[in-house]
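Shown below: work_11.pdb, with PDB, C-alpha atoms and all ligand atoms.
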ATOM      1  CA  MET O1129       0.000   0.000   0.000
ATOM      2  CA  THR O1130       1.170   3.510  -0.677
ATOM      3  CA  ALA O1131      -0.284   5.996   1.769
ATOM      4  CA  LYS O1132      -2.425   8.956   0.835
ATOM      5  CA  VAL O1133      -0.382  12.063   1.576
ATOM      6  CA  ILE O1134      -2.274  14.481   3.839
ATOM      7  CA  ASP O1135      -1.384  17.905   2.445
ATOM      8  CA  GLY O1136      -1.083  20.160   5.503
ATOM      9  CA  LYS O1137      -0.071  23.145   3.419
ATOM     10  CA  ALA O1138      -3.268  23.022   1.365
ATOM     11  CA  PHE O1139      -5.367  22.250   4.460
ATOM     12  CA  ALA O1140      -3.849  25.204   6.345
ATOM     13  CA  ALA O1141      -4.578  27.476   3.387
ATOM     14  CA  ARG O1142      -8.242  26.390   3.548
ATOM     15  CA  VAL O1143      -8.358  27.057   7.310
ATOM     16  CA  ARG O1144      -6.835  30.519   6.828
ATOM     17  CA  ALA O1145      -9.361  31.260   4.076
ATOM     18  CA  GLN O1146     -12.215  30.203   6.396
ATOM     19  CA  VAL O1147     -10.799  32.420   9.157
ATOM     20  CA  ALA O1148     -10.449  35.365   6.740
ATOM     21  CA  GLU O1149     -14.050  34.940   5.594
ATOM     22  CA  HIS O1150     -15.300  34.909   9.190
ATOM     23  CA  VAL O1151     -13.150  37.935  10.093
ATOM     24  CA  ALA O1152     -14.597  39.886   7.144
ATOM     25  CA  ARG O1153     -18.124  39.031   8.355
ATOM     26  CA  LEU O1154     -17.302  40.093  11.930
ATOM     27  CA  LYS O1155     -16.092  43.454  10.624
ATOM     28  CA  GLU O1156     -19.115  43.997   8.442
ATOM     29  CA  GLU O1157     -21.825  42.753  10.783
ATOM     30  CA  ASN O1158     -20.366  43.538  14.211
ATOM     31  CA  GLY O1159     -17.742  46.222  13.587
ATOM     32  CA  LEU O1160     -15.165  43.934  15.240
ATOM     33  CA  THR O1161     -11.553  43.229  14.257
ATOM     34  CA  PRO O1162      -9.967  40.280  16.067
ATOM     35  CA  GLY O1163      -6.537  41.229  17.392
ATOM     36  CA  LEU O1164      -3.515  39.081  18.236
ATOM     37  CA  ALA O1165      -0.649  40.322  20.409
ATOM     38  CA  VAL O1166       2.649  38.470  20.149
ATOM     39  CA  VAL O1167       5.364  39.082  22.705
ATOM     40  CA  LEU O1168       8.970  38.215  21.884
ATOM     41  CA  VAL O1169      11.673  38.627  24.506
ATOM     42  CA  GLY O1170      15.245  38.537  23.259
ATOM     43  CA  GLU O1171      16.775  37.690  19.897
ATOM     44  CA  ASP O1172      16.464  33.931  19.478
ATOM     45  CA  PRO O1173      16.793  33.601  15.660
ATOM     46  CA  ALA O1174      14.205  30.786  15.280
ATOM     47  CA  SER O1175      11.707  32.727  17.423
ATOM     48  CA  GLN O1176      12.236  35.834  15.300
ATOM     49  CA  VAL O1177      11.304  33.873  12.175
ATOM     50  CA  TYR O1178       8.182  32.418  13.875
ATOM     51  CA  VAL O1179       7.079  35.830  15.094
ATOM     52  CA  ARG O1180       7.565  37.396  11.655
ATOM     53  CA  ASN O1181       5.480  34.615  10.071
ATOM     54  CA  LYS O1182       2.756  34.990  12.696
ATOM     55  CA  HIS O1183       2.585  38.737  12.064
ATOM     56  CA  ALA O1184       2.318  38.299   8.272
ATOM     57  CA  SER O1185      -0.365  35.569   8.568
ATOM     58  CA  THR O1186      -2.391  37.626  11.055
ATOM     59  CA  ILE O1187      -2.467  40.634   8.707
ATOM     60  CA  GLU O1188      -3.265  38.392   5.735
ATOM     61  CA  VAL O1189      -6.536  37.139   7.291
ATOM     62  CA  GLY O1190      -7.593  40.709   8.135
ATOM     63  CA  MET O1191      -6.852  40.647  11.860
ATOM     64  CA  ALA O1192      -4.958  43.271  13.831
ATOM     65  CA  SER O1193      -1.431  42.269  14.818
ATOM     66  CA  PHE O1194       0.294  43.814  17.829
ATOM     67  CA  GLU O1195       3.964  42.931  18.086
ATOM     68  CA  HIS O1196       5.927  43.565  21.271
ATOM     69  CA  ARG O1197       9.661  42.960  20.930
ATOM     70  CA  LEU O1198      11.412  43.289  24.262
ATOM     71  CA  ASP O1199      15.068  43.378  25.141
ATOM     72  CA  ALA O1200      16.610  40.082  26.355
ATOM     73  CA  ALA O1201      17.324  41.788  29.702
ATOM     74  CA  THR O1202      13.641  42.651  30.307
ATOM     75  CA  SER O1203      12.717  42.000  33.925
ATOM     76  CA  GLU O1204       9.902  39.691  34.978
ATOM     77  CA  ALA O1205       8.036  42.660  36.474
ATOM     78  CA  GLU O1206       8.203  44.539  33.144
ATOM     79  CA  LEU O1207       6.969  41.520  31.205
ATOM     80  CA  LEU O1208       4.120  40.894  33.671
ATOM     81  CA  ALA O1209       3.139  44.566  33.432
ATOM     82  CA  LEU O1210       2.924  44.260  29.630
ATOM     83  CA  ILE O1211       0.735  41.156  29.962
ATOM     84  CA  ASP O1212      -1.559  43.002  32.390
ATOM     85  CA  GLN O1213      -1.832  45.823  29.850
ATOM     86  CA  LEU O1214      -2.693  43.371  27.028
ATOM     87  CA  ASN O1215      -5.199  41.554  29.263
ATOM     88  CA  ALA O1216      -6.985  44.876  29.792
ATOM     89  CA  ASP O1217      -6.880  45.968  26.132
ATOM     90  CA  PRO O1218     -10.241  45.353  24.387
ATOM     91  CA  LYS O1219      -8.557  45.418  20.947
ATOM     92  CA  VAL O1220      -6.470  42.372  21.934
ATOM     93  CA  HIS O1221      -8.378  39.063  21.827
ATOM     94  CA  GLY O1222      -5.372  36.737  21.768
ATOM     95  CA  ILE O1223      -2.009  36.915  23.547
ATOM     96  CA  LEU O1224       0.979  34.733  22.704
ATOM     97  CA  VAL O1225       4.284  34.896  24.536
ATOM     98  CA  GLN O1226       6.865  33.296  22.277
ATOM     99  CA  LEU O1227       8.791  30.492  23.980
ATOM    100  CA  PRO O1228      11.491  29.820  24.980
ATOM    101  CA  LEU O1229      11.944  32.824  27.250
ATOM    102  CA  PRO O1230      15.409  33.916  28.426
ATOM    103  CA  GLY O1231      16.548  31.884  31.430
ATOM    104  CA  HIS O1232      15.942  34.563  34.088
ATOM    105  CA  LEU O1233      12.187  34.626  33.301
ATOM    106  CA  ASN O1234       9.798  32.056  34.788
ATOM    107  CA  ALA O1235       7.763  30.864  31.779
ATOM    108  CA  GLU O1236       5.053  29.228  33.927
ATOM    109  CA  LEU O1237       4.482  32.395  35.927
ATOM    110  CA  VAL O1238       4.376  34.504  32.757
ATOM    111  CA  ILE O1239       1.982  32.200  30.866
ATOM    112  CA  ASN O1240      -0.353  31.925  33.849
ATOM    113  CA  ARG O1241      -0.566  35.720  34.028
ATOM    114  CA  ILE O1242      -2.366  35.770  30.636
ATOM    115  CA  ASN O1243      -6.151  36.028  30.868
ATOM    116  CA  PRO O1244      -7.165  32.388  30.063
ATOM    117  CA  ALA O1245      -9.814  33.681  27.635
ATOM    118  CA  LYS O1246      -7.006  35.354  25.627
ATOM    119  CA  ASP O1247      -4.565  32.437  25.935
ATOM    120  CA  VAL O1248      -4.551  31.422  22.255
ATOM    121  CA  ASP O1249      -1.665  28.980  22.883
ATOM    122  CA  GLY O1250      -3.830  27.044  25.349
ATOM    123  CA  PHE O1251      -0.911  26.829  27.777
ATOM    124  CA  HIS O1252      -2.547  28.525  30.800
ATOM    125  CA  ILE O1253      -3.159  26.081  33.638
ATOM    126  CA  SER O1254      -6.912  26.876  33.527
ATOM    127  CA  ASN O1255      -7.100  25.876  29.875
ATOM    128  CA  VAL O1256      -5.095  22.726  30.577
ATOM    129  CA  GLY O1257      -7.629  21.857  33.298
ATOM    130  CA  LEU O1258     -10.645  22.714  31.155
ATOM    131  CA  LEU O1259      -9.382  20.519  28.315
ATOM    132  CA  GLY O1260      -8.588  17.704  30.756
ATOM    133  CA  THR O1261     -12.126  17.781  32.125
ATOM    134  CA  GLY O1262     -13.774  17.991  28.696
ATOM    135  CA  GLN O1263     -14.901  21.600  29.079
ATOM    136  CA  LYS O1264     -14.679  24.451  26.616
ATOM    137  CA  ALA O1265     -11.037  25.565  26.564
ATOM    138  CA  MET O1266      -8.512  27.350  24.407
ATOM    139  CA  VAL O1267      -6.704  24.392  22.833
ATOM    140  CA  PRO O1268      -2.980  24.271  21.929
ATOM    141  CA  CYS O1269      -2.542  24.997  18.226
ATOM    142  CA  THR O1270      -0.481  22.026  17.030
ATOM    143  CA  PRO O1271      -2.731  19.287  18.483
ATOM    144  CA  LEU O1272      -5.794  21.225  17.291
ATOM    145  CA  GLY O1273      -4.341  21.204  13.770
ATOM    146  CA  CYS O1274      -3.718  17.439  13.995
ATOM    147  CA  LEU O1275      -7.297  16.883  15.189
ATOM    148  CA  MET O1276      -8.703  18.901  12.268
ATOM    149  CA  MET O1277      -6.713  16.836   9.759
ATOM    150  CA  LEU O1278      -7.784  13.568  11.409
ATOM    151  CA  ARG O1279     -11.475  14.561  11.438
ATOM    152  CA  ASP O1280     -11.204  15.594   7.802
ATOM    153  CA  HIS O1281      -9.630  12.282   6.791
ATOM    154  CA  HIS O1282     -11.718   9.905   8.924
ATOM    155  CA  GLY O1283     -14.976  11.733   9.481
ATOM    156  CA  LYS O1284     -15.839  10.309  12.925
ATOM    157  CA  LEU O1285     -12.925   9.169  15.107
ATOM    158  CA  SER O1286     -15.129   7.355  17.638
ATOM    159  CA  GLY O1287     -13.858   3.927  18.688
ATOM    160  CA  LEU O1288     -10.545   4.146  16.841
ATOM    161  CA  ASN O1289      -7.332   3.115  18.596
ATOM    162  CA  ALA O1290      -5.045   6.133  18.866
ATOM    163  CA  VAL O1291      -1.451   5.969  20.023
ATOM    164  CA  VAL O1292       0.320   9.234  20.811
ATOM    165  CA  VAL O1293       4.083   8.860  21.074
ATOM    166  CA  GLY O1294       5.322  11.749  23.217
ATOM    167  CA  ARG O1295       4.098  13.199  26.509
ATOM    168  CA  SER O1296       4.902  16.903  26.252
ATOM    169  CA  ASN O1297       2.542  19.485  27.699
ATOM    170  CA  ILE O1298       2.444  21.290  24.337
ATOM    171  CA  VAL O1299       1.626  18.358  22.046
ATOM    172  CA  GLY O1300       1.456  14.821  23.484
ATOM    173  CA  LYS O1301      -0.819  15.358  26.488
ATOM    174  CA  PRO O1302      -3.312  17.769  24.853
ATOM    175  CA  MET O1303      -3.376  15.589  21.707
ATOM    176  CA  ALA O1304      -4.350  12.600  23.841
ATOM    177  CA  GLN O1305      -7.087  14.630  25.567
ATOM    178  CA  LEU O1306      -8.509  15.793  22.244
ATOM    179  CA  LEU O1307      -8.576  12.248  20.835
ATOM    180  CA  LEU O1308     -10.268  11.052  24.020
ATOM    181  CA  GLY O1309     -12.788  13.867  23.568
ATOM    182  CA  ASP O1310     -13.581  12.395  20.135
ATOM    183  CA  SER O1311     -14.067   8.955  21.765
ATOM    184  CA  CYS O1312     -10.854   7.287  20.616
ATOM    185  CA  THR O1313      -9.222   4.620  22.762
ATOM    186  CA  VAL O1314      -6.020   6.458  23.604
ATOM    187  CA  THR O1315      -2.579   5.249  24.613
ATOM    188  CA  ILE O1316       0.197   7.678  25.457
ATOM    189  CA  ALA O1317       3.564   6.114  24.738
ATOM    190  CA  HIS O1318       7.006   7.668  25.142
ATOM    191  CA  SER O1319      10.718   7.008  25.017
ATOM    192  CA  ARG O1320      10.538   4.630  28.015
ATOM    193  CA  THR O1321       7.569   2.600  26.735
ATOM    194  CA  ARG O1322       8.322  -1.125  26.706
ATOM    195  CA  ASP O1323       8.021  -2.715  23.249
ATOM    196  CA  LEU O1324       7.112   0.558  21.596
ATOM    197  CA  ALA O1325       6.828  -1.091  18.172
ATOM    198  CA  GLU O1326       4.124  -3.459  19.407
ATOM    199  CA  VAL O1327       2.203  -0.603  21.081
ATOM    200  CA  CYS O1328       2.409   1.511  17.906
ATOM    201  CA  ARG O1329       1.170  -1.367  15.735
ATOM    202  CA  ARG O1330      -2.150  -1.304  17.626
ATOM    203  CA  ALA O1331      -2.844   2.202  16.359
ATOM    204  CA  ASP O1332      -5.455   3.115  13.782
ATOM    205  CA  ILE O1333      -4.163   6.651  14.419
ATOM    206  CA  LEU O1334      -0.490   7.067  15.242
ATOM    207  CA  VAL O1335       0.705  10.522  16.312
ATOM    208  CA  ALA O1336       4.479  10.916  16.583
ATOM    209  CA  ALA O1337       5.604  13.809  18.790
ATOM    210  CA  VAL O1338       8.793  12.660  20.461
ATOM    211  CA  GLY O1339      11.370  14.963  18.898
ATOM    212  CA  ARG O1340      13.600  12.136  17.703
ATOM    213  CA  PRO O1341      14.432  12.094  14.000
ATOM    214  CA  GLU O1342      12.832   9.174  12.098
ATOM    215  CA  MET O1343      12.285   7.110  15.245
ATOM    216  CA  ILE O1344       8.976   5.634  14.038
ATOM    217  CA  THR O1345       9.710   3.195  11.230
ATOM    218  CA  GLY O1346       7.412   1.309   8.867
ATOM    219  CA  ASP O1347       7.540  -1.921  10.893
ATOM    220  CA  MET O1348       5.899  -0.012  13.776
ATOM    221  CA  VAL O1349       2.910   1.028  11.646
ATOM    222  CA  ARG O1350      -0.264  -1.011  11.342
ATOM    223  CA  PRO O1351      -1.176  -1.516   7.651
ATOM    224  CA  GLY O1352      -3.689   1.161   6.660
ATOM    225  CA  ALA O1353      -3.129   3.327   9.773
ATOM    226  CA  THR O1354      -3.146   7.123   9.677
ATOM    227  CA  VAL O1355       0.226   8.540  10.675
ATOM    228  CA  ILE O1356       0.526  12.132  11.903
ATOM    229  CA  ASP O1357       4.116  13.312  12.174
ATOM    230  CA  VAL O1358       4.527  16.302  14.488
ATOM    231  CA  GLY O1359       8.334  16.175  14.507
ATOM    232  CA  ILE O1360      10.508  18.863  12.952
ATOM    233  CA  ASN O1361      14.147  17.808  13.219
ATOM    234  CA  ARG O1362      17.073  19.418  11.455
ATOM    235  CA  ILE O1363      19.646  16.778  10.559
ATOM    236  CA  GLU O1364      22.636  16.513   8.275
ATOM    237  CA  ARG O1365      22.636  13.748   5.665
ATOM    238  CA  ASP O1366      25.183  13.255   2.891
ATOM    239  CA  GLY O1367      26.726  16.571   3.940
ATOM    240  CA  LYS O1368      23.442  18.417   3.437
ATOM    241  CA  ALA O1369      21.074  19.999   5.978
ATOM    242  CA  LYS O1370      17.683  18.257   5.910
ATOM    243  CA  LEU O1371      14.371  18.603   7.698
ATOM    244  CA  VAL O1372      12.878  15.282   8.844
ATOM    245  CA  GLY O1373      10.026  14.271  11.104
ATOM    246  CA  ASP O1374       9.809  11.783  13.956
ATOM    247  CA  VAL O1375       8.615   9.242  11.380
ATOM    248  CA  HIS O1376      10.816   7.492   8.833
ATOM    249  CA  TYR O1377       8.695   8.661   5.928
ATOM    250  CA  GLU O1378       9.545   6.192   3.157
ATOM    251  CA  SER O1379       9.110   3.023   5.215
ATOM    252  CA  ALA O1380       5.992   4.309   7.016
ATOM    253  CA  ALA O1381       4.331   5.575   3.809
ATOM    254  CA  ALA O1382       4.722   2.098   2.301
ATOM    255  CA  VAL O1383       2.498   0.647   5.061
ATOM    256  CA  ALA O1384       0.207   3.472   6.239
ATOM    257  CA  GLY O1385      -3.183   4.372   4.784
ATOM    258  CA  ALA O1386      -2.487   8.087   5.136
ATOM    259  CA  ILE O1387       0.483  10.112   6.322
ATOM    260  CA  THR O1388       1.525  13.730   6.867
ATOM    261  CA  PRO O1389       4.857  14.694   5.275
ATOM    262  CA  VAL O1390       7.607  16.835   6.827
ATOM    263  CA  PRO O1391       7.748  19.587   5.772
ATOM    264  CA  GLY O1392       4.238  20.409   4.564
ATOM    265  CA  GLY O1393       2.189  18.363   7.023
ATOM    266  CA  VAL O1394       1.442  19.425  10.589
ATOM    267  CA  GLY O1395       3.783  22.475  10.506
ATOM    268  CA  PRO O1396       1.615  24.840   8.434
ATOM    269  CA  MET O1397      -1.435  23.935  10.534
ATOM    270  CA  THR O1398       0.021  25.455  13.701
ATOM    271  CA  ILE O1399      -0.165  29.103  12.591
ATOM    272  CA  ALA O1400      -3.526  28.475  10.881
ATOM    273  CA  CYS O1401      -4.872  27.200  14.228
ATOM    274  CA  LEU O1402      -3.379  30.161  16.086
ATOM    275  CA  LEU O1403      -5.473  32.405  13.828
ATOM    276  CA  ALA O1404      -8.498  30.150  14.335
ATOM    277  CA  ASN O1405      -8.018  30.379  18.121
ATOM    278  CA  THR O1406      -7.752  34.180  17.965
ATOM    279  CA  LEU O1407     -11.008  34.298  16.017
ATOM    280  CA  THR O1408     -12.643  31.926  18.526
ATOM    281  CA  ALA O1409     -11.415  34.060  21.450
ATOM    282  CA  CYS O1410     -12.869  37.190  19.809
ATOM    283  CA  CYS O1411     -16.246  35.503  19.204
ATOM    284  CA  ARG O1412     -16.388  34.197  22.800
ATOM    285  CA  ALA O1413     -15.394  37.590  24.228
ATOM    286  CA  HIS O1414     -18.359  39.170  22.454
ATOM    287  CA  GLY O1415     -20.864  36.367  23.028
ATOM    288  CA  LEU O1416     -21.030  35.558  19.315
ATOM    289  CA  ALA O1417     -21.365  32.153  17.637
ATOM    290  CA  GLU O1418     -18.048  30.348  17.351
ATOM    291  CA  PRO O1419     -16.598  29.609  13.911
ATOM    292  CA  GLU O1420     -17.766  26.170  12.780
ATOM    293  CA  GLY O1421     -15.119  23.522  12.164
ATOM    294  CA  LEU O1422     -12.329  25.629  13.678
ATOM    295  CA  THR O1423     -12.636  24.562  17.318
ATOM    296  CA  ALA O1424     -12.200  21.301  19.198
TER     297      ALA O1424
HETATM  298  N1  LIG O1501       7.782  28.392  20.439
HETATM  299  C1  LIG O1501       7.746  27.356  19.573
HETATM  300  N2  LIG O1501       6.477  26.966  19.360
HETATM  301  C2  LIG O1501       5.689  27.753  20.122
HETATM  302  C3  LIG O1501       4.284  27.835  20.308
HETATM  303  O1  LIG O1501       3.489  27.076  19.755
HETATM  304  N3  LIG O1501       3.861  28.798  21.159
HETATM  305  C4  LIG O1501       4.716  29.633  21.787
HETATM  306  N4  LIG O1501       4.202  30.532  22.600
HETATM  307  N5  LIG O1501       6.023  29.582  21.639
HETATM  308  C5  LIG O1501       6.509  28.648  20.790
END

Would you mind writing the structure in this file as structure tokens?
Ligand code: GUN
Amino acid sequence: MTAKVIDGKAFAARVRAQVAEHVARLKEENGLTPGLAVVLVGEDPASQVYVRNKHASTIEVGMASFEHRLDAATSEAELLALIDQLNADPKVHGILVQLPLPGHLNAELVINRINPAKDVDGFHISNVGLLGTGQKAMVPCTPLGCLMMLRDHHGKLSGLNAVVVGRSNIVGKPMAQLLLGDSCTVTIAHSRTRDLAEVCRRADILVAAVGRPEMITGDMVRPGATVIDVGINRIERDGKAKLVGDVHYESAAAVAGAITPVPGGVGPMTIACLLANTLTACCRAHGLAEPEGLTA
């Protein structure tokens, strides 16, 4: 079998178009412009690229983008004061503090200062708790993007065996909660799981989010399974820099029913879902109907 390739780039473009359409309607019918504030502390080069892309995508869908670039030496008190200001600003519906933060800043403290209703990353402890108890939450963008692609491919996910490899707070744990919310039978596996290959082979849906290049190989994939590769690993092969996922693509694609490539799979969905979350936050803040198909 050769797997169907799930085109995350095309899917993300459709999500952004849906968001843009909804934003245009909000402006016309309600005089509202959803706004996203992104806070970057320091000069981490990868973070600078992410923040630039977020800004461009936010503008492209017709939202307001508020960028706050702070010096690496910014104190915790200064950063918390900025978050308080953004929490109080009615033009700001979503707040994202780009991680990682410089070492002298306590990321947990900073994230938990964000008004949970504006926490478009879904990292605030209240949102973690709401998601864990099956209540309406802001949901982390990458797992939300994976869920959208899975729903699109399978229709209903109810009763399917899902194995999530990886237990991070940003991807693995919320992904497992979302799949449970859609009535999958969920296993969370990780680097210490005994006989990982056997556990993975039970999966109708296999989500790889371990951060280890090409760790999931074709022999670990159940024939016909859907494989979602969250990994983005920069490696060197044959003297050339290469981007690979946590899945060994060629061997897995030969067995799977469907698979996301790297690049062009899960990656583009993350920013699309950040925009979707900002739109959702704006609608909730104003007691308006939430955008259909863009929430968990
Ligand atoms: N740094 C890398 N990915 C992310 C993300 O999804 N959210 C935030 N806030 N920082 C990041």

Practice task
Pick out the closest residue to His1414 of chain O from this set: O:Ala1325, O:Ala1184, O:Ala1245, O:Val1314. Count all atoms listed in the file.
Solution key: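 Ranking O:Ala1325, O:Ala1184, O:Ala1245, O:Val1314 by distance to His1414 of chain O, first place goes to O:Ala1245.
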
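Picked by the PyMOL selection byres (((not hetatm)) within 10 of (chain O and resi 1501)) from the coordinates shown: Val1166, Val1167, Leu1168, Ala1174, Ser1175, Tyr1178, Val1179, Ile1223, Leu1224, Val1225, Gln1226, Leu1227, Pro1228, Leu1229, Ala1235, Ile1239, Asp1247, Val1248, Asp1249, Gly1250, Phe1251, Pro1268, Cys1269, Thr1270, Ile1298, Val1299, Thr1398, Ile1399 and Leu1402 of chain O.
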
Handout entry: atom CA of Leu1285 of chain O to atom CA of Asp1310 of chain O, distance in Å rounded to a single decimal
Key =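 Calculated distance between atom CA of Leu1285 of chain O and atom CA of Asp1310 of chain O is 6.0 Å.
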
Handout entry: Spatial neighbours of segment 1146-1148 of chain O, 10 Å, all atoms listed in the file, chain gap at least 3 places, as a PyMOL selection string
Key = chain O and resi 1140-1143+1151-1154+1186-1191+1400-1401+1403-1408+1419-1422

Exercise for the section: Evaluate the PyMOL selection byres (((chain O and resi 1287) around 6) and not hetatm) and record the selected residues as a list in words, following the chain and residue labels used in the document. Expected result: Ser1286, Leu1288, Ser1311 and Cys1312 of chain O

Exercise for the section: Please provide the set of residues having any atom within 8 Å of segment 1194-1198 of chain O, restricted to all atoms listed in the file, with same-chain residues fewer than 2 positions apart removed, written as number ranges by chain. Expected result: O: 1163-1170, 1183, 1192, 1200, 1202

Handout entry: Residues matched by the PyMOL selection byres (((chain O and resi 1293) around 8) and not hetatm) as a list in words
Key =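 For this structure, the PyMOL selection byres (((chain O and resi 1293) around 8) and not hetatm) captures Val1291, Val1292, Gly1294, Arg1295, Gly1300, Ile1316, Ala1317, His1318, Ser1319, Leu1334, Val1335, Ala1336, Ala1337 and Val1338 of chain O.
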
Handout entry: atom CA of Arg1412 of chain O to atom CA of Asp1212 of chain O, straight-line distance in Å
Key =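 Spanning atom CA of Asp1212 of chain O to atom CA of Arg1412 of chain O is a straight-line distance of 19.7 Å.
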
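Counting all atoms listed in the file and comparing O:Ile1356, O:Val1349, O:Cys1411, O:Cys1328, the residue that lies closest to Gly1222 of chain O is O:Cys1411.
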
Practice task
May I ask for the distance between atom CA of Leu1237 of chain O and atom CA of Leu1208 of chain O, given in Å to one decimal place?
Solution key: 8.8 Å

Practice task
Tell me which of O:Thr1313, O:Asn1255, O:Ser1203, O:Ser1185 sits closest to Ile1242 of chain O, counting all atoms listed in the file.
Solution key: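 Among the listed residues, O:Asn1255 lies closest to Ile1242 of chain O.
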
Exercise for the section: Would you be able to write out as an MDAnalysis selection string which residues have an atom within 12 Å of (2.0, 12.1, -0.5) in the file's coordinates, counting only C-alpha atoms? Expected result: chainID O and resid 1130:1137 1355 1377:1378 1380:1382 1384:1393

Taking all atoms of segment 1392-1406 of chain O that the file lists, what box with edges along x, y and z, padded by 3 Å per side, do you get, with centre and edge lengths in Å to one decimal, as lines of an AutoDock Vina configuration file?
center_x = -2.1
center_y = 26.3
center_z = 11.3
size_x = 18.7
size_y = 21.8
size_z = 19.6

Fill in the blank from the handout: If you count all atoms listed in the file, the residue of O:Leu1160, O:Arg1340, O:Arg1350, O:Pro1396 closest to Arg1362 of chain O turns out to be O:Arg1340

Problem - Which of O:Val1383, O:Ala1290, O:Val1256, O:Ala1369 sits closest to Ala1304 of chain O [using all atoms listed in the file] - result: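 Once distances to Ala1304 of chain O are computed over all atoms listed in the file, the minimum belongs to O:Ala1290.
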
Completion exercise
Gly1309 of chain O proximity check over O:Ala1216, O:Ile1333, O:Leu1275, O:Ala1205, using all atoms listed in the file: winner is O:Leu1275
